[in-house]
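Engineer: I am sharing structure-v3.txt, which consists of compact mmCIF, C-alpha atoms and all ligand atoms:
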```
# COMPACT_ATOMS: atom_id res chain seq x y z
CA MET A 29 -22.73 19.66 -6.57
CA SER A 30 -20.43 18.80 -9.47
CA THR A 31 -18.34 21.27 -11.43
CA SER A 32 -15.27 21.19 -13.64
CA HIS A 33 -12.18 23.44 -13.28
CA ASP A 34 -8.61 23.94 -14.50
CA ALA A 35 -7.26 23.36 -10.98
CA ILE A 36 -8.54 22.65 -7.47
CA ILE A 37 -6.73 24.02 -4.43
CA ILE A 38 -7.32 22.19 -1.13
CA GLY A 39 -6.90 24.78 1.64
CA ALA A 40 -7.80 28.48 1.80
CA GLY A 41 -4.95 29.51 4.09
CA SER A 42 -1.69 31.45 3.89
CA VAL A 43 -0.70 29.55 0.75
CA GLY A 44 -4.08 28.70 -0.82
CA LEU A 45 -5.38 32.29 -0.83
CA PRO A 46 -2.50 33.99 -2.70
CA THR A 47 -2.22 30.93 -4.95
CA ALA A 48 -5.87 31.27 -5.92
CA LEU A 49 -5.28 34.93 -6.76
CA ALA A 50 -2.14 34.30 -8.82
CA MET A 51 -3.81 31.49 -10.77
CA ALA A 52 -7.08 33.29 -11.36
CA GLU A 53 -5.14 36.35 -12.55
CA ALA A 54 -3.24 34.03 -14.94
CA GLY A 55 -6.62 33.17 -16.50
CA LEU A 56 -7.21 29.78 -14.89
CA ASP A 57 -10.61 28.56 -13.69
CA ILE A 58 -9.88 27.83 -10.02
CA LEU A 59 -11.88 26.09 -7.30
CA VAL A 60 -10.69 26.43 -3.69
CA LEU A 61 -12.03 23.97 -1.10
CA ASP A 62 -11.78 24.45 2.64
CA ARG A 63 -13.56 22.57 5.39
CA ALA A 64 -13.60 25.68 7.60
CA ALA A 65 -16.46 28.15 7.36
CA SER A 66 -14.39 31.05 6.00
CA PRO A 67 -10.88 31.87 4.68
CA GLY A 68 -7.77 31.73 6.84
CA GLN A 69 -9.18 29.62 9.69
CA GLY A 70 -6.23 27.17 9.87
CA SER A 71 -2.73 28.30 10.87
CA HIS A 72 -3.17 31.53 8.93
CA LYS A 73 -5.13 33.28 11.65
CA ALA A 74 -2.54 32.29 14.30
CA ALA A 75 0.33 34.02 12.45
CA ILE A 76 1.42 37.38 13.82
CA GLY A 77 2.22 38.87 10.43
CA GLY A 78 6.01 39.07 10.30
CA VAL A 79 7.31 39.17 6.70
CA ARG A 80 11.03 38.78 6.08
CA ALA A 81 13.36 37.59 3.39
CA THR A 82 16.00 37.13 6.08
CA HIS A 83 16.53 33.38 5.96
CA SER A 84 19.60 31.19 5.58
CA ASP A 85 18.18 29.19 2.68
CA PRO A 86 18.49 30.83 -0.79
CA ALA A 87 15.17 29.44 -2.06
CA LYS A 88 13.29 30.91 0.88
CA ILE A 89 15.08 34.23 0.45
CA ARG A 90 14.08 34.40 -3.25
CA LEU A 91 10.44 33.49 -2.60
CA CYS A 92 10.11 35.95 0.27
CA LEU A 93 11.77 38.78 -1.67
CA ARG A 94 8.90 38.44 -4.12
CA SER A 95 6.35 38.21 -1.28
CA LEU A 96 7.77 41.41 0.21
CA GLU A 97 7.24 43.19 -3.12
CA ILE A 98 3.63 41.98 -3.23
CA PHE A 99 2.83 43.04 0.36
CA ARG A 100 4.65 46.37 -0.06
CA ASN A 101 2.78 47.27 -3.25
CA TRP A 102 -0.58 45.83 -2.29
CA HIS A 103 -2.19 49.14 -1.41
CA VAL A 104 -1.08 50.76 -4.68
CA ILE A 105 -2.16 47.85 -6.89
CA TYR A 106 -5.34 46.65 -5.19
CA GLY A 107 -6.35 49.61 -3.05
CA GLN A 108 -6.91 47.85 0.31
CA ASP A 109 -4.93 48.80 3.39
CA ILE A 110 -3.35 45.66 4.85
CA GLN A 111 -1.45 47.71 7.47
CA TRP A 112 1.89 47.02 5.81
CA ILE A 113 4.78 48.57 7.75
CA GLN A 114 8.29 48.34 6.36
CA GLY A 115 9.97 48.55 9.76
CA GLY A 116 12.73 46.03 9.08
CA TYR A 117 13.91 43.03 11.12
CA THR A 118 16.82 42.81 13.52
CA PHE A 119 18.31 39.53 14.71
CA VAL A 120 20.09 40.60 17.89
CA ALA A 121 23.27 39.03 19.33
CA TYR A 122 24.18 39.05 23.01
CA ARG A 123 26.66 36.19 22.73
CA GLU A 124 29.60 35.51 20.40
CA ARG A 125 27.91 32.31 19.24
CA GLU A 126 24.88 34.06 17.71
CA ALA A 127 27.02 36.98 16.45
CA ARG A 128 29.26 34.51 14.57
CA LEU A 129 26.31 32.62 13.09
CA LEU A 130 24.48 35.75 11.95
CA ARG A 131 27.62 37.29 10.45
CA ALA A 132 28.51 34.05 8.68
CA LEU A 133 25.14 34.08 6.89
CA LEU A 134 25.50 37.65 5.61
CA THR A 135 27.57 36.93 2.49
CA ASP A 136 25.10 34.38 1.13
CA GLN A 137 22.12 36.55 2.07
CA GLN A 138 23.61 39.58 0.31
CA HIS A 139 24.49 37.37 -2.67
CA GLN A 140 20.73 36.68 -2.99
CA SER A 141 20.17 40.48 -3.22
CA LEU A 142 18.88 40.75 0.35
CA ASN A 143 19.36 44.22 1.78
CA ILE A 144 20.95 43.28 5.11
CA ARG A 145 23.95 44.42 7.10
CA TRP A 146 25.61 43.94 10.45
CA LEU A 147 25.23 46.81 12.93
CA ASN A 148 27.58 46.99 15.87
CA ARG A 149 26.25 47.88 19.31
CA PRO A 150 26.12 51.71 18.98
CA ALA A 151 24.67 51.57 15.45
CA LEU A 152 21.98 49.08 16.49
CA LEU A 153 21.08 51.17 19.55
CA GLU A 154 20.64 54.15 17.25
CA VAL A 155 18.07 52.16 15.23
CA MET A 156 16.49 50.71 18.40
CA PRO A 157 17.16 52.92 21.42
CA ASN A 158 14.91 50.81 23.69
CA LEU A 159 16.95 47.64 23.26
CA ASN A 160 18.78 46.54 26.42
CA PRO A 161 22.40 47.70 25.87
CA GLU A 162 23.85 45.41 28.54
CA GLY A 163 25.91 42.70 26.87
CA LEU A 164 24.63 43.64 23.41
CA LEU A 165 27.19 42.81 20.71
CA GLY A 166 25.19 43.97 17.70
CA GLY A 167 22.80 42.46 15.23
CA THR A 168 21.72 42.18 11.63
CA PHE A 169 19.40 44.81 10.22
CA SER A 170 17.30 44.20 7.11
CA PRO A 171 15.33 47.42 6.55
CA GLU A 172 13.10 46.11 3.73
CA ASP A 173 11.48 43.39 5.84
CA GLY A 174 8.28 44.29 7.67
CA HIS A 175 4.90 43.18 8.88
CA CYS A 176 1.19 43.51 8.14
CA SER A 177 -2.17 42.31 9.39
CA THR A 178 -2.74 38.63 8.59
CA LEU A 179 -6.48 39.17 8.92
CA LEU A 180 -6.60 42.07 6.46
CA ALA A 181 -4.12 40.46 4.07
CA GLY A 182 -5.99 37.15 4.06
CA HIS A 183 -9.27 38.87 3.30
CA ALA A 184 -7.62 41.04 0.66
CA PHE A 185 -6.23 37.97 -1.16
CA TYR A 186 -9.62 36.28 -0.85
CA ALA A 187 -11.56 39.27 -2.21
CA GLU A 188 -9.16 39.80 -5.12
CA ALA A 189 -9.07 36.09 -5.99
CA ARG A 190 -12.87 36.07 -6.16
CA ARG A 191 -12.85 39.25 -8.20
CA ALA A 192 -10.45 37.52 -10.63
CA GLY A 193 -12.88 34.62 -10.95
CA ALA A 194 -11.75 32.01 -8.38
CA VAL A 195 -14.61 30.06 -6.79
CA PHE A 196 -14.44 29.21 -3.08
CA ARG A 197 -16.44 26.48 -1.38
CA PHE A 198 -16.26 26.55 2.43
CA GLY A 199 -17.49 23.95 4.89
CA GLU A 200 -16.42 21.20 2.46
CA GLU A 201 -13.84 18.66 3.44
CA ALA A 202 -11.76 17.00 0.72
CA LEU A 203 -12.10 13.26 1.28
CA THR A 204 -10.71 11.63 -1.86
CA ILE A 205 -8.43 12.65 -4.71
CA LEU A 206 -9.79 11.07 -7.87
CA ARG A 207 -7.52 9.54 -10.48
CA HIS A 208 -7.69 7.85 -13.82
CA GLY A 209 -4.63 5.63 -14.22
CA ASP A 210 -1.65 7.73 -13.11
CA ALA A 211 -3.35 11.11 -13.51
CA VAL A 212 -5.44 13.23 -11.16
CA THR A 213 -9.02 13.83 -12.29
CA GLY A 214 -10.61 15.66 -9.35
CA VAL A 215 -11.64 15.74 -5.70
CA VAL A 216 -14.57 14.25 -3.80
CA THR A 217 -15.72 16.18 -0.73
CA ASP A 218 -18.45 15.51 1.81
CA ARG A 219 -20.75 17.60 -0.37
CA GLY A 220 -19.79 17.08 -3.98
CA THR A 221 -17.48 15.86 -6.72
CA TYR A 222 -15.29 18.30 -8.66
CA THR A 223 -13.15 17.53 -11.67
CA ALA A 224 -9.82 19.08 -12.66
CA PRO A 225 -6.55 17.86 -14.19
CA VAL A 226 -4.59 19.60 -11.38
CA VAL A 227 -5.06 19.28 -7.60
CA ILE A 228 -2.93 21.40 -5.27
CA ASN A 229 -2.41 20.26 -1.70
CA ALA A 230 -2.20 23.51 0.32
CA ALA A 231 -3.65 21.94 3.46
CA GLY A 232 -0.96 23.23 5.84
CA ALA A 233 -0.59 21.17 9.02
CA TRP A 234 -3.09 18.66 7.54
CA ALA A 235 -1.18 18.25 4.24
CA ARG A 236 0.10 14.82 5.26
CA ASN A 237 -3.52 13.54 5.55
CA VAL A 238 -4.45 15.07 2.20
CA GLY A 239 -1.27 13.55 0.71
CA THR A 240 -2.40 10.06 1.68
CA MET A 241 -5.42 10.60 -0.64
CA ALA A 242 -2.83 10.70 -3.44
CA ASP A 243 -0.90 7.75 -1.96
CA GLU A 244 1.89 10.15 -1.00
CA SER A 245 3.67 10.22 2.34
CA HIS A 246 4.69 13.83 3.02
CA PRO A 247 7.01 14.40 5.99
CA ILE A 248 4.91 17.22 7.47
CA THR A 249 4.12 17.22 11.19
CA PRO A 250 2.42 19.91 13.27
CA ASP A 251 4.30 21.72 16.05
CA THR A 252 2.34 24.06 18.29
CA HIS A 253 3.45 27.62 18.99
CA GLU A 254 1.93 30.35 21.13
CA ALA A 255 1.61 34.06 20.55
CA GLY A 256 0.13 37.02 22.35
CA ILE A 257 -0.83 40.67 22.06
CA THR A 258 -0.58 43.52 24.57
CA GLU A 259 -2.58 46.64 25.18
CA PRO A 260 -1.71 49.52 22.80
CA VAL A 261 1.06 51.88 23.92
CA ALA A 262 3.01 54.76 22.36
CA GLN A 263 5.44 53.71 19.65
CA LEU A 264 8.62 52.36 21.27
CA LEU A 265 9.67 49.51 19.04
CA GLN A 266 10.89 49.33 15.50
CA PRO A 267 12.13 47.05 13.82
CA LEU A 268 10.80 43.53 14.54
CA VAL A 269 13.18 41.85 17.00
CA VAL A 270 14.27 38.21 16.83
CA ASP A 271 16.40 36.69 19.59
CA ILE A 272 17.70 33.27 18.49
CA ARG A 273 19.57 32.68 21.76
CA PRO A 274 18.10 29.53 23.33
CA ASP A 275 17.30 29.33 27.05
CA SER A 276 16.24 26.33 29.12
CA PHE A 277 12.65 26.25 27.80
CA SER A 278 12.64 28.08 24.49
CA ALA A 279 14.64 28.18 21.27
CA ASN A 280 13.93 31.75 20.20
CA CYS A 281 11.52 34.60 20.65
CA TYR A 282 10.34 37.43 18.38
CA PHE A 283 8.09 40.46 18.69
CA PHE A 284 7.12 43.75 17.08
CA GLN A 285 4.78 46.67 17.59
CA LEU A 286 1.77 47.20 15.36
CA ALA A 287 1.02 50.61 13.88
CA SER A 288 -1.94 50.70 16.29
CA GLY A 289 0.44 50.38 19.29
CA GLN A 290 -0.06 46.78 20.47
CA VAL A 291 3.02 44.59 20.81
CA VAL A 292 2.62 41.08 19.35
CA PHE A 293 4.99 38.33 20.36
CA CYS A 294 5.87 34.66 19.87
CA LEU A 295 8.19 32.06 21.27
CA THR A 296 9.50 28.71 20.01
CA PRO A 297 9.15 26.19 22.84
CA ASP A 298 12.06 23.86 23.58
CA PRO A 299 11.45 20.96 23.67
CA PRO A 300 8.89 21.40 20.88
CA LEU A 301 5.19 20.77 21.52
CA PRO A 302 4.14 18.50 18.63
CA GLY A 303 0.52 17.71 17.82
CA PHE A 304 -2.75 19.48 17.09
CA ASP A 305 -3.64 20.65 20.63
CA CYS A 306 -4.27 24.40 20.37
CA ARG A 307 -5.25 25.10 23.98
CA GLU A 308 -3.08 27.82 25.55
CA THR A 309 -0.49 26.68 28.12
CA SER A 310 0.21 28.30 31.48
CA THR A 311 3.96 28.27 30.81
CA PHE A 312 4.06 30.50 27.73
CA LEU A 313 3.35 33.91 29.23
CA PRO A 314 5.84 33.79 32.15
CA LEU A 315 8.51 32.50 29.77
CA VAL A 316 8.02 34.94 26.94
CA SER A 317 7.53 37.99 29.17
CA ARG A 318 10.79 37.25 31.00
CA ARG A 319 12.62 37.09 27.67
CA MET A 320 10.97 40.22 26.30
CA ILE A 321 11.62 42.34 29.39
CA ALA A 322 15.27 41.25 29.36
CA LEU A 323 15.51 42.54 25.78
CA VAL A 324 13.37 45.68 26.16
CA PRO A 325 13.23 46.71 29.85
CA ARG A 326 10.50 49.26 29.08
CA PHE A 327 8.10 46.33 28.56
CA THR A 328 8.03 45.78 32.36
CA HIS A 329 4.59 47.30 32.93
CA LEU A 330 3.05 46.39 29.60
CA ARG A 331 -0.24 44.51 30.03
CA VAL A 332 -1.08 41.47 27.90
CA ARG A 333 -4.57 41.33 26.41
CA ARG A 334 -4.72 37.84 24.90
CA THR A 335 -2.68 34.77 23.99
CA TRP A 336 -3.38 31.99 21.50
CA ARG A 337 -1.80 28.81 20.19
CA GLY A 338 -1.56 27.57 16.62
CA LEU A 339 0.23 25.14 14.34
CA TYR A 340 3.50 25.27 12.43
CA PRO A 341 3.45 22.65 9.61
CA MET A 342 7.02 21.41 10.14
CA THR A 343 9.39 19.51 7.85
CA PRO A 344 12.60 17.70 8.83
CA ASP A 345 14.86 20.56 7.64
CA GLY A 346 12.63 23.58 8.31
CA LEU A 347 12.12 24.23 4.58
CA PRO A 348 8.88 24.03 2.54
CA LEU A 349 7.93 21.18 0.21
CA ILE A 350 6.93 22.38 -3.25
CA GLY A 351 6.62 20.27 -6.36
CA TRP A 352 4.73 17.99 -8.73
CA SER A 353 4.37 14.37 -7.80
CA PRO A 354 6.48 12.12 -10.05
CA TYR A 355 3.95 9.33 -9.38
CA LEU A 356 0.59 11.00 -9.88
CA GLN A 357 0.34 13.43 -12.78
CA GLY A 358 -1.37 16.69 -11.86
CA TYR A 359 -0.87 16.40 -8.08
CA LEU A 360 1.08 19.39 -6.74
CA LEU A 361 2.21 19.84 -3.14
CA ALA A 362 2.74 23.28 -1.56
CA GLY A 363 3.12 22.44 2.11
CA GLY A 364 5.45 22.31 5.09
CA MET A 365 5.74 26.09 5.37
CA CYS A 366 6.89 25.75 9.01
CA GLY A 367 6.81 29.11 10.82
CA GLN A 368 6.95 31.17 7.63
CA GLY A 369 3.87 30.33 5.58
CA PHE A 370 2.37 33.79 5.73
CA MET A 371 5.52 35.43 4.38
CA LEU A 372 6.11 32.66 1.80
CA GLY A 373 2.52 32.49 0.53
CA PRO A 374 2.46 35.22 -2.13
CA GLY A 375 5.84 34.23 -3.65
CA VAL A 376 4.87 30.56 -3.60
CA GLY A 377 1.46 31.34 -5.15
CA GLU A 378 3.02 33.03 -8.18
CA LEU A 379 5.51 30.19 -8.63
CA LEU A 380 2.66 27.63 -8.56
CA ALA A 381 0.76 29.68 -11.13
CA ARG A 382 3.78 29.60 -13.46
CA MET A 383 4.05 25.83 -12.99
CA VAL A 384 0.38 25.13 -13.65
CA THR A 385 0.13 27.42 -16.69
CA HIS A 386 3.38 25.96 -18.08
CA ALA A 387 4.87 29.45 -18.26
CA PRO A 388 8.60 29.34 -18.87
CA LEU A 389 10.37 28.86 -15.53
CA SER A 390 13.39 31.04 -14.83
CA LEU A 391 16.67 29.57 -13.65
CA ASP A 392 15.73 30.91 -10.23
CA ASP A 393 12.43 29.01 -10.31
CA GLU A 394 14.20 25.81 -11.35
CA GLN A 395 16.70 26.20 -8.52
CA ILE A 396 13.96 26.89 -5.97
CA LEU A 397 12.03 23.81 -7.10
CA SER A 398 15.12 21.67 -6.93
CA ASP A 399 16.01 22.95 -3.42
CA LEU A 400 12.44 22.56 -2.12
CA SER A 401 11.57 19.29 -3.84
CA PRO A 402 9.29 17.15 -1.65
CA TYR A 403 11.52 14.22 -2.54
CA ARG A 404 14.87 15.75 -1.43
CA GLN A 405 17.28 14.14 1.03
CA PHE A 406 16.69 16.59 3.95
CA ASP A 407 20.41 16.91 4.62
CA GLY A 408 20.40 20.72 5.16
CA GLN A 409 18.80 22.93 7.82
CA GLU A 410 17.21 26.38 7.81
CA MET A 411 19.26 28.25 10.43
CA LEU A 412 16.81 31.12 11.00
CA ARG A 413 13.56 29.26 11.69
C1 LIG A 501 1.76 31.54 16.81
C2 LIG A 501 2.15 31.56 15.35
C3 LIG A 501 2.77 32.67 14.80
C4 LIG A 501 3.14 32.69 13.46
N1 LIG A 501 3.70 33.83 12.94
C5 LIG A 501 4.05 33.85 11.63
C6 LIG A 501 4.58 35.04 11.06
O1 LIG A 501 4.74 36.06 11.74
N2 LIG A 501 4.90 35.02 9.74
C7 LIG A 501 4.74 33.89 8.97
O2 LIG A 501 5.08 33.93 7.78
N3 LIG A 501 4.21 32.78 9.49
C8 LIG A 501 3.87 32.72 10.79
N4 LIG A 501 3.34 31.58 11.32
C9 LIG A 501 3.27 30.37 10.49
C10 LIG A 501 2.08 30.40 9.56
O3 LIG A 501 0.90 30.60 10.31
C11 LIG A 501 1.98 29.07 8.79
O4 LIG A 501 3.22 28.72 8.24
C12 LIG A 501 0.99 29.24 7.62
O5 LIG A 501 -0.24 29.74 8.08
C13 LIG A 501 0.78 27.91 6.91
O6 LIG A 501 -0.01 28.21 5.78
P1 LIG A 501 -0.76 27.07 4.97
O7 LIG A 501 -1.56 27.72 3.90
O8 LIG A 501 0.21 26.01 4.60
O9 LIG A 501 -1.75 26.41 6.07
P2 LIG A 501 -3.12 27.02 6.67
O10 LIG A 501 -3.10 28.49 6.72
O11 LIG A 501 -3.36 26.26 7.93
O12 LIG A 501 -4.20 26.59 5.58
C14 LIG A 501 -4.53 25.22 5.39
C15 LIG A 501 -6.04 25.13 5.17
O13 LIG A 501 -6.34 23.81 4.70
C16 LIG A 501 -7.65 23.48 5.20
N5 LIG A 501 -7.76 22.01 5.13
C17 LIG A 501 -6.98 21.08 5.71
N6 LIG A 501 -7.39 19.85 5.36
C18 LIG A 501 -8.47 19.99 4.54
C19 LIG A 501 -9.34 19.09 3.86
N7 LIG A 501 -9.16 17.76 3.92
N8 LIG A 501 -10.33 19.61 3.11
C20 LIG A 501 -10.53 20.96 3.02
N9 LIG A 501 -9.74 21.86 3.65
C21 LIG A 501 -8.72 21.38 4.40
C22 LIG A 501 -7.64 24.04 6.62
O14 LIG A 501 -8.96 24.25 7.09
C23 LIG A 501 -6.85 25.35 6.44
O15 LIG A 501 -7.70 26.47 6.26
C24 LIG A 501 2.92 31.55 12.65
C25 LIG A 501 2.28 30.43 13.19
C26 LIG A 501 1.89 30.43 14.53
C27 LIG A 501 1.20 29.21 15.09
```
Could I get this structure in the form of C-alpha cells?
Ligand SMILES: Cc1cc2nc3c(=O)[nH]c(=O)nc-3n(C[C@H](O)[C@H](O)[C@H](O)COP(=O)(O)OP(=O)(O)OC[C@H]3O[C@@H](n4cnc5c(N)ncnc54)[C@H](O)[C@@H]3O)c2cc1C

Structural biologist:
Amino acid sequence: MSTSHDAIIIGAGSVGLPTALAMAEAGLDILVLDRAASPGQGSHKAAIGGVRATHSDPAKIRLCLRSLEIFRNWHVIYGQDIQWIQGGYTFVAYREREARLLRALLTDQQHQSLNIRWLNRPALLEVMPNLNPEGLLGGTFSPEDGHCSTLLAGHAFYAEARRAGAVFRFGEEALTILRHGDAVTGVVTDRGTYTAPVVINAAGAWARNVGTMADESHPITPDTHEAGITEPVAQLLQPLVVDIRPDSFSANCYFFQLASGQVVFCLTPDPPLPGFDCRETSTFLPLVSRRMIALVPRFTHLRVRRTWRGLYPMTPDGLPLIGWSPYLQGYLLAGGMCGQGFMLGPGVGELLARMVTHAPLSLDDEQILSDLSPYRQFDGQEMLR
C-alpha cells in the first residue's frame, strides 16, 4: 500500500482521534495509523472520562476550556450522545496544607476565565451532602467541569473524522519516519509506505519510541495507574471528587458517579509504578476503597465490579509536549499528556489543526506553544496532576 496525504498522524488515541477530526474538518487529507486493531486501544480506553479545566498551569486551563466546550456541545453539533454530564469538580481539603494550596491557585485560575470558587465546609456540604463532614475545611468547586464516556466519545470522534474524510489504517505499526534532507516526507509501516510533508507523533506512552524515528529524544515515560468501577446504585455523588492529600501509599485519589449509577475511581500510587506492565495489582483495591470510604462513608457496602490498569505518558513537569521540531521540518509532537490526555485531546487537536494549516495563531496559542514547548527547561510543575 502506498498513498499520499497532507499529514499523517501516528496514534488513534485520546489525542489522535480529535486531531484527525479537527484537521479533516479544516480540509486536510489526513491518514491516521495505529498498530492496534481499532481506535482508542492505548491509554484512551483506560481513562475514566473526567474532563476539567481545573489545573494550575495556564496553558492546560486554556486548552481544556476549549475541550469542555467541545464535549458540552457535542450532542447538539454532531448528534451522538457521549453521556456528557456537567456535574463539576471539587478538590476537597481536610488539612490546612491542601486548603492553602487550592486557595492560592484560585486567582490565577479565575484570571484564565475558569469558573471556580472556594466553598467553605457548610457550602460544600450543601453541594455534596454525602461527603464526610468530619475534619472537612472546604474545597474548590468548578461547576462547568464534568465527565463523559471515553468509549462513546472516542468512537464519536472516530466516526466524525471518517465522515469528514480522514482515512484510518489499523493494525499497522509505524516503523520509520522518512525524510529528505531536513524535512519529513512520510512514514513506513509494516504494511506500506505513505508520504506526507507533515507527521504528527500522537503515540502516547510510546511517543518516545516514535520520536527516535525522527532522531528526537522526548522525555516521555510511562507510569501505570489503576482504576475501577462499582455496581450501579442510586445517585449519591455529584460533583467529581479529587482528594490531593497524600497518604503512605498514594498521592491522590478521584472518583465520580456515572449517569447510569456506577462509581468509577482512580488512585495515583506513591511511589509511582513506572513501566508498561498493565496487570492489575492486589494493593490497589484495598488502598483506594479505604480512601473512598473515608471521604464518602456511604460507599461502605458498595460492590466493585472490575478494576484495570493503564498508562499515563508522563513528562518531568506533568505538562504536555506540543510543538514542531526545530531540527526536522514537518515533524510535530503532541505527547506527554500525563493523566489528562482525554480532557486535553479536543483542545489540542484544534490547536494542531491551526498549526498545520498555517491559520493565524492567536496570542493565546502562541503562549500555549511557548509554555508547552518540547524543548523547554522543565523548571515548573503542574500542581493538580
Ligand atoms: C486509569 C487511568 C485513568 C485515567 N483517567 C483519565 C481521565 O479521567 N481524564 C483524562 O483526561 N485522562 C485520563 N487518563 C489519562 C489518559 O488516558 C491519557 O493521558 C491519554 O489517553 C493519552 O492519550 P494519547 O492520545 O497521548 O495516547 P493513547 O490514547 O495511548 O494513544 C496512542 C496510540 O498510539 C498508538 N501507537 C503507539 N506507537 C505506535 C506505532 N509505532 N505505530 C502505530 N501506532 C502506534 C497506540 O496503539 C495508541 O492507540 C487516565 C489514564 C489511566 C491509566

Engineer: Counting all atoms listed in the file, give me one row per residue of stretch 277-370 of chain A with an atom at most 7 Å from an atom of stretch 212-234 of chain A, showing the shortest contact pair and its distance in Å to one decimal, sorted by chain then residue number, as a Markdown table.

Structural biologist:
```
| residue | atom | partner | partner_atom | distance |
| --- | --- | --- | --- | --- |
| A:Leu339 | CA | A:Ala233 | CA | 6.7 |
| A:Tyr340 | CA | A:Ala233 | CA | 6.7 |
| A:Pro341 | CA | A:Ala233 | CA | 4.3 |
| A:Leu356 | CA | A:Val212 | CA | 6.6 |
| A:Gln357 | CA | A:Val212 | CA | 6.0 |
| A:Gly358 | CA | A:Val226 | CA | 4.4 |
| A:Tyr359 | CA | A:Val227 | CA | 5.1 |
| A:Leu360 | CA | A:Ile228 | CA | 4.7 |
| A:Leu361 | CA | A:Asn229 | CA | 4.9 |
| A:Ala362 | CA | A:Ala230 | CA | 5.3 |
| A:Gly363 | CA | A:Gly232 | CA | 5.6 |
| A:Gly364 | CA | A:Gly232 | CA | 6.5 |
```

Engineer: Which residues form the shell of 7 Å around ligand LIG 501 (chain A) when you count only C-alpha atoms and all ligand atoms, given as a PyMOL selection string?

Structural biologist: chain A and resi 38-44+61-64+67-79+200-203+230-235+238+252-255+294+336-341+363-372

Engineer: Find the spatial neighbours of A:Asn158, counting all atoms listed in the file, within a cut-off of 9 Å - ignore same-chain residues fewer than 5 positions away - and output them as a VMD selection string.

Structural biologist: chain A and resid 153 264 to 265 323 to 326

Engineer: I want to know what sits within 12 Å of stretch 92-103 of chain A, based on only C-alpha atoms, with residues of the same chain fewer than 6 positions away left out; could you give that as a PyMOL selection string?

Structural biologist: chain A and resi 42-43+46-47+49-50+77-86+109-116+137+140-143+170-178+180-182+184-185+188+365+368-379+392-393+396

Engineer: Can you pull out the residues contacting A:His246? Cut-off 8 Å, using only C-alpha atoms, and skip same-chain residues under 6 positions away; I want them as a list of chain:residue names.

Structural biologist: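 The residues that qualify are A:Ala235, A:Arg236, A:Gly239, A:Pro402.
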
Engineer: Which neighbours of A:Pro161 fall inside 12 Å, counting all atoms listed in the file, when residues of the same chain fewer than 3 positions from it are skipped, and could you give them as a list of chain:residue names?

Structural biologist: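 Counting only the stated atoms, we get A:Val120, A:Ala121, A:Tyr122, A:Asn148, A:Arg149, A:Pro150, A:Ala151, A:Leu152, A:Leu153, A:Glu154, A:Met156, A:Pro157, A:Asn158, A:Leu164, A:Leu165, A:Gly166, A:Gly167, A:Ala322, A:Leu323, A:Val324, A:Pro325.
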
Engineer: List the spatial neighbours of A:Asn280 as a ChimeraX atom specification - criterion: any atom at most 9 Å away, all atoms listed in the file, same-chain residues fewer than 4 positions off excluded.

Structural biologist: /A:270-275,294-298,413

Engineer: Go ahead and compute the interatomic distance for atom CA of A:Leu159 and atom CA of A:Tyr117, in Å to one decimal.

Structural biologist: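 Going from atom CA of A:Leu159 over to atom CA of A:Tyr117, I get 13.3 Å.
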
Engineer: Do you have the atom CA of A:Thr204-atom CA of A:Arg307 distance handy?

Structural biologist: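 Calculated distance between atom CA of A:Thr204 and atom CA of A:Arg307 is 29.6 Å.
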
Engineer: Axis-aligned box over every listed atom of stretch 261-275 of chain A, padded by 6 Å per side: centre and edges in Å to one decimal, as lines of an AutoDock Vina configuration file?

Structural biologist:
```
center_x = 10.3
center_y = 42.0
center_z = 20.4
size_x = 30.5
size_y = 37.4
size_z = 25.2
```

Engineer: What is the atom CA of A:Leu380-atom CA of A:Leu400 distance in Å, reported with one decimal?

Structural biologist: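 Atom CA of A:Leu400 lies at a distance of 12.8 Å from atom CA of A:Leu380.
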
Engineer: Would you mind telling me which residue in A:Gln395, A:Asn237, A:Thr385, A:Ser310 lies nearest to A:Thr335 when using only C-alpha atoms?

Structural biologist: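 Result for the nearest residue to A:Thr335: A:Ser310.
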
Engineer: Counting all atoms listed in the file, which of A:Ser245, A:Arg197, A:Leu286, A:Met51 gets nearest to A:Met29?

Structural biologist: A:Arg197

Engineer: How would stretch 263-271 of chain A read, as a CSV table (one decimal), in the frame of the given file, once N, CA and C atoms are built in?

Structural biologist:
```csv
chain,number,residue,atom,x,y,z
A,263,GLN,N,4.4,54.4,20.4
A,263,GLN,CA,5.4,53.7,19.6
A,263,GLN,C,6.8,53.7,20.4
A,264,LEU,N,7.3,52.5,20.6
A,264,LEU,CA,8.6,52.4,21.3
A,264,LEU,C,9.5,51.3,20.6
A,265,LEU,N,9.0,50.7,19.6
A,265,LEU,CA,9.7,49.5,19.0
A,265,LEU,C,9.6,49.4,17.5
A,266,GLN,N,10.7,49.5,16.9
A,266,GLN,CA,10.9,49.3,15.5
A,266,GLN,C,12.4,49.0,15.3
A,267,PRO,N,12.8,48.1,14.7
A,267,PRO,CA,12.1,47.0,13.8
A,267,PRO,C,11.6,45.8,14.6
A,268,LEU,N,11.2,44.8,13.9
A,268,LEU,CA,10.8,43.5,14.5
A,268,LEU,C,12.1,42.9,15.1
A,269,VAL,N,12.0,42.4,16.3
A,269,VAL,CA,13.2,41.8,17.0
A,269,VAL,C,13.1,40.3,17.0
A,270,VAL,N,14.2,39.7,16.7
A,270,VAL,CA,14.3,38.2,16.8
A,270,VAL,C,15.5,37.9,17.7
A,271,ASP,N,15.3,37.1,18.7
A,271,ASP,CA,16.4,36.7,19.6
A,271,ASP,C,16.5,35.2,19.4
```
